[in-house]
Amino acid sequence: MKNKMSNRYLFVLIVFIVAGHICLAQTGKGSFKTDSVPTFPDPPAGFNVQRSNVPHGKLTIVQYDSKTLGKRREMNVYTPPGYSADKKYPVLYLLHGLGADYRQWTEWCQADNIMDNLIADGKIQPVIMVFPNCDSKLTVTDTSTANRSGRADGFEGYRKPFEEDLLKDIIPYIDAHYSTISDAEHRAIAGLSMGGGQSLNIGLYHLGTFAYIGGFSSAPNTNMFGGMYTDVRFVPDTKVAREKLKLLWIACGNKDGLFGISEKAHQYLNEIGVTHVWNVDTNGHDNTEWDRNLYLFSQHIF
């Protein structure tokens, strides 16, 4: 049985840390624009609950040597029901939030159950999911909360070091060890909170690697709009974005204190003419929001 109680306390702490950091970047807290009404209907009841009458995918903890970081690191990999080396699969990389690790998407959230159910219902094709440790300070031997990246080091572990590890070590490892379709049109990246900011930052600067990008409740690390990296362009090349993006998904609950970040990104994308999904609902900064978005996002990729 999954033990979620400890994760619940960790999550509450993370929310307070992130909310405190973002407060200077917020404007008009609680006064949302007319386009903040819910975009999609709610998923069906039980969409994220494990069902005994459907096949289940497999979660495997994988260790790898990061040449980029000079560390032995860890990630979790979901292979879909019926996974076979005789077939080729698209890959979705899912990034966790501040202070968490690769387990957040399957212990606090229910990513594996969501995918199992969608595949069984014929709503998506089988897909591999990869859950990396998105803080570059996390290693196989050092998972201490006290040693993780945070305010003291300017959240450095969530910046360039992880981006390099993802692009130069994690993705090549997955493509070498799993039966993947290793091109941008079959590779997606999405994340929650800090991982949402990472997904937008990394994805939009590497459209030759990812054609599908999702930011769910994106945090203060979001380029241009989050308050941390205001001098970094959100979309580095508008022309390339229009040509290569298959899906850009911006989502946030309208009860989330970080709502203004996603809203500003959405408004900016409208101004520069980059097509995207602006998904608003009535949730806060929580696992209900992230499960809901994974359910919807995964039906629009590949």
# chains A, B, ... in the order shown; residues from 1 in each chain; ligands from 1
$ closest_atom_pairs --of "stretch 116-183 of chain A" --to "stretch 101-105 of chain A" --cutoff "8 Å" --atoms "only C-alpha atoms" --output "JSON lines"
{"residue": "A:Phe131", "atom": "CA", "partner": "A:Tyr102", "partner_atom": "CA", "distance": 5.1}
{"residue": "A:Pro132", "atom": "CA", "partner": "A:Tyr102", "partner_atom": "CA", "distance": 5.4}
{"residue": "A:Asn133", "atom": "CA", "partner": "A:Tyr102", "partner_atom": "CA", "distance": 5.0}
{"residue": "A:Cys134", "atom": "CA", "partner": "A:Asp101", "partner_atom": "CA", "distance": 6.9}
{"residue": "A:Asp135", "atom": "CA", "partner": "A:Asp101", "partner_atom": "CA", "distance": 7.7}
$ write_last_selection --atoms "N, CA, C and O atoms" --output "short mmCIF file (atom, residue, chain, number, x, y, z; two decimals), in the first residue's frame"
data_model
loop_
_atom_site.label_atom_id
_atom_site.label_comp_id
_atom_site.auth_asym_id
_atom_site.auth_seq_id
_atom_site.Cartn_x
_atom_site.Cartn_y
_atom_site.Cartn_z
N PHE A 131 10.04 9.25 -14.73
CA PHE A 131 9.97 10.17 -13.60
C PHE A 131 11.38 10.39 -13.07
O PHE A 131 11.87 9.62 -12.26
N PRO A 132 12.06 11.44 -13.51
CA PRO A 132 13.42 11.69 -13.02
C PRO A 132 13.42 12.37 -11.66
O PRO A 132 12.41 12.92 -11.21
N ASN A 133 14.57 12.35 -11.00
CA ASN A 133 14.81 13.23 -9.88
C ASN A 133 15.24 14.57 -10.46
O ASN A 133 16.31 14.68 -11.07
N CYS A 134 14.39 15.58 -10.30
CA CYS A 134 14.59 16.86 -10.99
C CYS A 134 15.47 17.83 -10.24
O CYS A 134 15.75 18.93 -10.73
N ASP A 135 15.91 17.46 -9.06
CA ASP A 135 16.91 18.21 -8.31
C ASP A 135 18.24 17.49 -8.52
O ASP A 135 18.41 16.34 -8.12
#
$ select_by_dssp --residues "stretch 75-272 of chain A" --states "alpha helix (DSSP H)" --output "PyMOL selection string"
chain A and resi 111-120+160-165+171-177+194-205+238-244+259-272
$ closest_atom_pairs --of "stretch 243-274 of chain A" --to "stretch 178-190 of chain A" --cutoff "10 Å" --atoms "only C-alpha atoms" --output "CSV"
residue,atom,partner,partner_atom,distance
A:Lys244,CA,A:Glu185,CA,8.9
A:Leu245,CA,A:Glu185,CA,8.9
A:Lys246,CA,A:Glu185,CA,7.6
A:Leu247,CA,A:Ala188,CA,9.1
A:Leu248,CA,A:Ala190,CA,9.7
A:Trp249,CA,A:Ala190,CA,8.6
A:Ile250,CA,A:Ala190,CA,9.9
$ select_by_dssp --residues "stretch 35-165 of chain A" --states "strand (DSSP E)" --output "PyMOL selection string"
chain A and resi 58-66+71-79+91-95+128-132
$ residues_around --residues "A:Asn117" --least-positions-apart "2" --cutoff "10 Å" --atoms "only C-alpha atoms" --output "list in words"
Gly46, Phe47, Asn48, Val49, Gln50, Arg51, Asn53, Val54, Pro55, His56, Asp112, Asn113, Ile114, Met115, Ile119, Ala120, Asp121, Gly122, Lys123, Ile124 and Tyr295 of chain A
$ atom_distance --atom1 "atom CA of A:Ala241" --atom2 "atom CA of A:Leu166"
20.7 Å
$ residues_around --residues "stretch 192-197 of chain A" --least-positions-apart "2" --cutoff "8 Å" --atoms "only C-alpha atoms" --output "PyMOL selection string"
chain A and resi 94-98+134+190+199-201+214-223+285+290
$ decode --residues "stretch 248-284 of chain A" --atoms "N, CA and C atoms" --output "PDB file, in the first residue's frame"
ATOM      1  N   LEU A 248       1.362  22.847 -26.701  1.00  0.00           N
ATOM      2  CA  LEU A 248       1.857  23.581 -25.541  1.00  0.00           C
ATOM      3  C   LEU A 248       0.667  23.750 -24.601  1.00  0.00           C
ATOM      4  N   TRP A 249       0.794  23.222 -23.399  1.00  0.00           N
ATOM      5  CA  TRP A 249      -0.313  23.138 -22.449  1.00  0.00           C
ATOM      6  C   TRP A 249       0.030  23.973 -21.215  1.00  0.00           C
ATOM      7  N   ILE A 250      -0.739  25.020 -20.969  1.00  0.00           N
ATOM      8  CA  ILE A 250      -0.546  25.879 -19.801  1.00  0.00           C
ATOM      9  C   ILE A 250      -1.767  25.699 -18.904  1.00  0.00           C
ATOM     10  N   ALA A 251      -1.567  25.284 -17.659  1.00  0.00           N
ATOM     11  CA  ALA A 251      -2.695  24.941 -16.803  1.00  0.00           C
ATOM     12  C   ALA A 251      -2.473  25.409 -15.373  1.00  0.00           C
ATOM     13  N   CYS A 252      -3.569  25.826 -14.744  1.00  0.00           N
ATOM     14  CA  CYS A 252      -3.517  26.177 -13.329  1.00  0.00           C
ATOM     15  C   CYS A 252      -4.931  26.286 -12.779  1.00  0.00           C
ATOM     16  N   GLY A 253      -5.099  25.940 -11.525  1.00  0.00           N
ATOM     17  CA  GLY A 253      -6.382  26.117 -10.868  1.00  0.00           C
ATOM     18  C   GLY A 253      -6.567  27.565 -10.443  1.00  0.00           C
ATOM     19  N   ASN A 254      -7.781  28.076 -10.551  1.00  0.00           N
ATOM     20  CA  ASN A 254      -7.984  29.488 -10.245  1.00  0.00           C
ATOM     21  C   ASN A 254      -8.048  29.789  -8.740  1.00  0.00           C
ATOM     22  N   LYS A 255      -7.839  28.753  -7.903  1.00  0.00           N
ATOM     23  CA  LYS A 255      -7.689  28.969  -6.466  1.00  0.00           C
ATOM     24  C   LYS A 255      -6.218  28.887  -6.041  1.00  0.00           C
ATOM     25  N   ASP A 256      -5.343  28.735  -6.996  1.00  0.00           N
ATOM     26  CA  ASP A 256      -3.908  28.595  -6.743  1.00  0.00           C
ATOM     27  C   ASP A 256      -3.261  29.971  -6.589  1.00  0.00           C
ATOM     28  N   GLY A 257      -2.472  30.162  -5.532  1.00  0.00           N
ATOM     29  CA  GLY A 257      -1.763  31.416  -5.346  1.00  0.00           C
ATOM     30  C   GLY A 257      -0.755  31.709  -6.442  1.00  0.00           C
ATOM     31  N   LEU A 258      -0.393  30.687  -7.220  1.00  0.00           N
ATOM     32  CA  LEU A 258       0.543  30.868  -8.335  1.00  0.00           C
ATOM     33  C   LEU A 258      -0.168  31.118  -9.659  1.00  0.00           C
ATOM     34  N   PHE A 259      -1.458  31.315  -9.622  1.00  0.00           N
ATOM     35  CA  PHE A 259      -2.254  31.438 -10.854  1.00  0.00           C
ATOM     36  C   PHE A 259      -1.696  32.492 -11.801  1.00  0.00           C
ATOM     37  N   GLY A 260      -1.238  33.613 -11.257  1.00  0.00           N
ATOM     38  CA  GLY A 260      -0.790  34.717 -12.092  1.00  0.00           C
ATOM     39  C   GLY A 260       0.347  34.357 -13.022  1.00  0.00           C
ATOM     40  N   ILE A 261       1.189  33.403 -12.646  1.00  0.00           N
ATOM     41  CA  ILE A 261       2.310  32.996 -13.496  1.00  0.00           C
ATOM     42  C   ILE A 261       1.793  32.383 -14.789  1.00  0.00           C
ATOM     43  N   SER A 262       0.920  31.400 -14.651  1.00  0.00           N
ATOM     44  CA  SER A 262       0.374  30.728 -15.830  1.00  0.00           C
ATOM     45  C   SER A 262      -0.490  31.676 -16.651  1.00  0.00           C
ATOM     46  N   GLU A 263      -1.245  32.530 -15.974  1.00  0.00           N
ATOM     47  CA  GLU A 263      -2.107  33.469 -16.677  1.00  0.00           C
ATOM     48  C   GLU A 263      -1.287  34.429 -17.543  1.00  0.00           C
ATOM     49  N   LYS A 264      -0.192  34.920 -16.993  1.00  0.00           N
ATOM     50  CA  LYS A 264       0.674  35.831 -17.758  1.00  0.00           C
ATOM     51  C   LYS A 264       1.304  35.116 -18.957  1.00  0.00           C
ATOM     52  N   ALA A 265       1.702  33.862 -18.739  1.00  0.00           N
ATOM     53  CA  ALA A 265       2.264  33.091 -19.852  1.00  0.00           C
ATOM     54  C   ALA A 265       1.232  32.912 -20.958  1.00  0.00           C
ATOM     55  N   HIS A 266       0.011  32.585 -20.557  1.00  0.00           N
ATOM     56  CA  HIS A 266      -1.087  32.428 -21.524  1.00  0.00           C
ATOM     57  C   HIS A 266      -1.332  33.721 -22.301  1.00  0.00           C
ATOM     58  N   GLN A 267      -1.404  34.831 -21.609  1.00  0.00           N
ATOM     59  CA  GLN A 267      -1.662  36.112 -22.263  1.00  0.00           C
ATOM     60  C   GLN A 267      -0.526  36.477 -23.220  1.00  0.00           C
ATOM     61  N   TYR A 268       0.703  36.203 -22.804  1.00  0.00           N
ATOM     62  CA  TYR A 268       1.864  36.472 -23.655  1.00  0.00           C
ATOM     63  C   TYR A 268       1.833  35.617 -24.920  1.00  0.00           C
ATOM     64  N   LEU A 269       1.493  34.352 -24.766  1.00  0.00           N
ATOM     65  CA  LEU A 269       1.421  33.460 -25.933  1.00  0.00           C
ATOM     66  C   LEU A 269       0.357  33.936 -26.915  1.00  0.00           C
ATOM     67  N   ASN A 270      -0.732  34.450 -26.404  1.00  0.00           N
ATOM     68  CA  ASN A 270      -1.744  35.053 -27.283  1.00  0.00           C
ATOM     69  C   ASN A 270      -1.173  36.248 -28.041  1.00  0.00           C
ATOM     70  N   GLU A 271      -0.412  37.065 -27.332  1.00  0.00           N
ATOM     71  CA  GLU A 271       0.145  38.270 -27.947  1.00  0.00           C
ATOM     72  C   GLU A 271       1.120  37.951 -29.069  1.00  0.00           C
ATOM     73  N   ILE A 272       1.917  36.895 -28.901  1.00  0.00           N
ATOM     74  CA  ILE A 272       2.917  36.574 -29.927  1.00  0.00           C
ATOM     75  C   ILE A 272       2.409  35.546 -30.939  1.00  0.00           C
ATOM     76  N   GLY A 273       1.173  35.107 -30.762  1.00  0.00           N
ATOM     77  CA  GLY A 273       0.558  34.229 -31.738  1.00  0.00           C
ATOM     78  C   GLY A 273       1.060  32.794 -31.722  1.00  0.00           C
ATOM     79  N   VAL A 274       1.346  32.266 -30.540  1.00  0.00           N
ATOM     80  CA  VAL A 274       1.748  30.862 -30.417  1.00  0.00           C
ATOM     81  C   VAL A 274       0.552  30.065 -29.887  1.00  0.00           C
ATOM     82  N   THR A 275       0.085  29.135 -30.667  1.00  0.00           N
ATOM     83  CA  THR A 275      -1.077  28.317 -30.313  1.00  0.00           C
ATOM     84  C   THR A 275      -0.784  27.477 -29.072  1.00  0.00           C
ATOM     85  N   HIS A 276      -1.733  27.425 -28.157  1.00  0.00           N
ATOM     86  CA  HIS A 276      -1.556  26.663 -26.931  1.00  0.00           C
ATOM     87  C   HIS A 276      -2.918  26.357 -26.317  1.00  0.00           C
ATOM     88  N   VAL A 277      -2.922  25.418 -25.389  1.00  0.00           N
ATOM     89  CA  VAL A 277      -4.113  25.130 -24.588  1.00  0.00           C
ATOM     90  C   VAL A 277      -3.976  25.874 -23.271  1.00  0.00           C
ATOM     91  N   TRP A 278      -4.995  26.647 -22.922  1.00  0.00           N
ATOM     92  CA  TRP A 278      -5.040  27.344 -21.628  1.00  0.00           C
ATOM     93  C   TRP A 278      -6.100  26.630 -20.802  1.00  0.00           C
ATOM     94  N   ASN A 279      -5.648  25.782 -19.904  1.00  0.00           N
ATOM     95  CA  ASN A 279      -6.564  24.944 -19.140  1.00  0.00           C
ATOM     96  C   ASN A 279      -6.693  25.461 -17.708  1.00  0.00           C
ATOM     97  N   VAL A 280      -7.854  26.008 -17.407  1.00  0.00           N
ATOM     98  CA  VAL A 280      -8.153  26.522 -16.071  1.00  0.00           C
ATOM     99  C   VAL A 280      -9.243  25.663 -15.444  1.00  0.00           C
ATOM    100  N   ASP A 281      -9.128  25.413 -14.142  1.00  0.00           N
ATOM    101  CA  ASP A 281     -10.217  24.775 -13.417  1.00  0.00           C
ATOM    102  C   ASP A 281     -10.331  25.435 -12.044  1.00  0.00           C
ATOM    103  N   THR A 282     -11.079  24.851 -11.167  1.00  0.00           N
ATOM    104  CA  THR A 282     -11.348  25.489  -9.877  1.00  0.00           C
ATOM    105  C   THR A 282     -10.533  24.890  -8.738  1.00  0.00           C
ATOM    106  N   ASN A 283      -9.441  24.207  -9.060  1.00  0.00           N
ATOM    107  CA  ASN A 283      -8.613  23.587  -8.022  1.00  0.00           C
ATOM    108  C   ASN A 283      -7.570  24.559  -7.483  1.00  0.00           C
ATOM    109  N   GLY A 284      -6.861  24.114  -6.458  1.00  0.00           N
ATOM    110  CA  GLY A 284      -5.745  24.856  -5.912  1.00  0.00           C
ATOM    111  C   GLY A 284      -4.436  24.225  -6.358  1.00  0.00           C
TER     112      GLY A 284
END
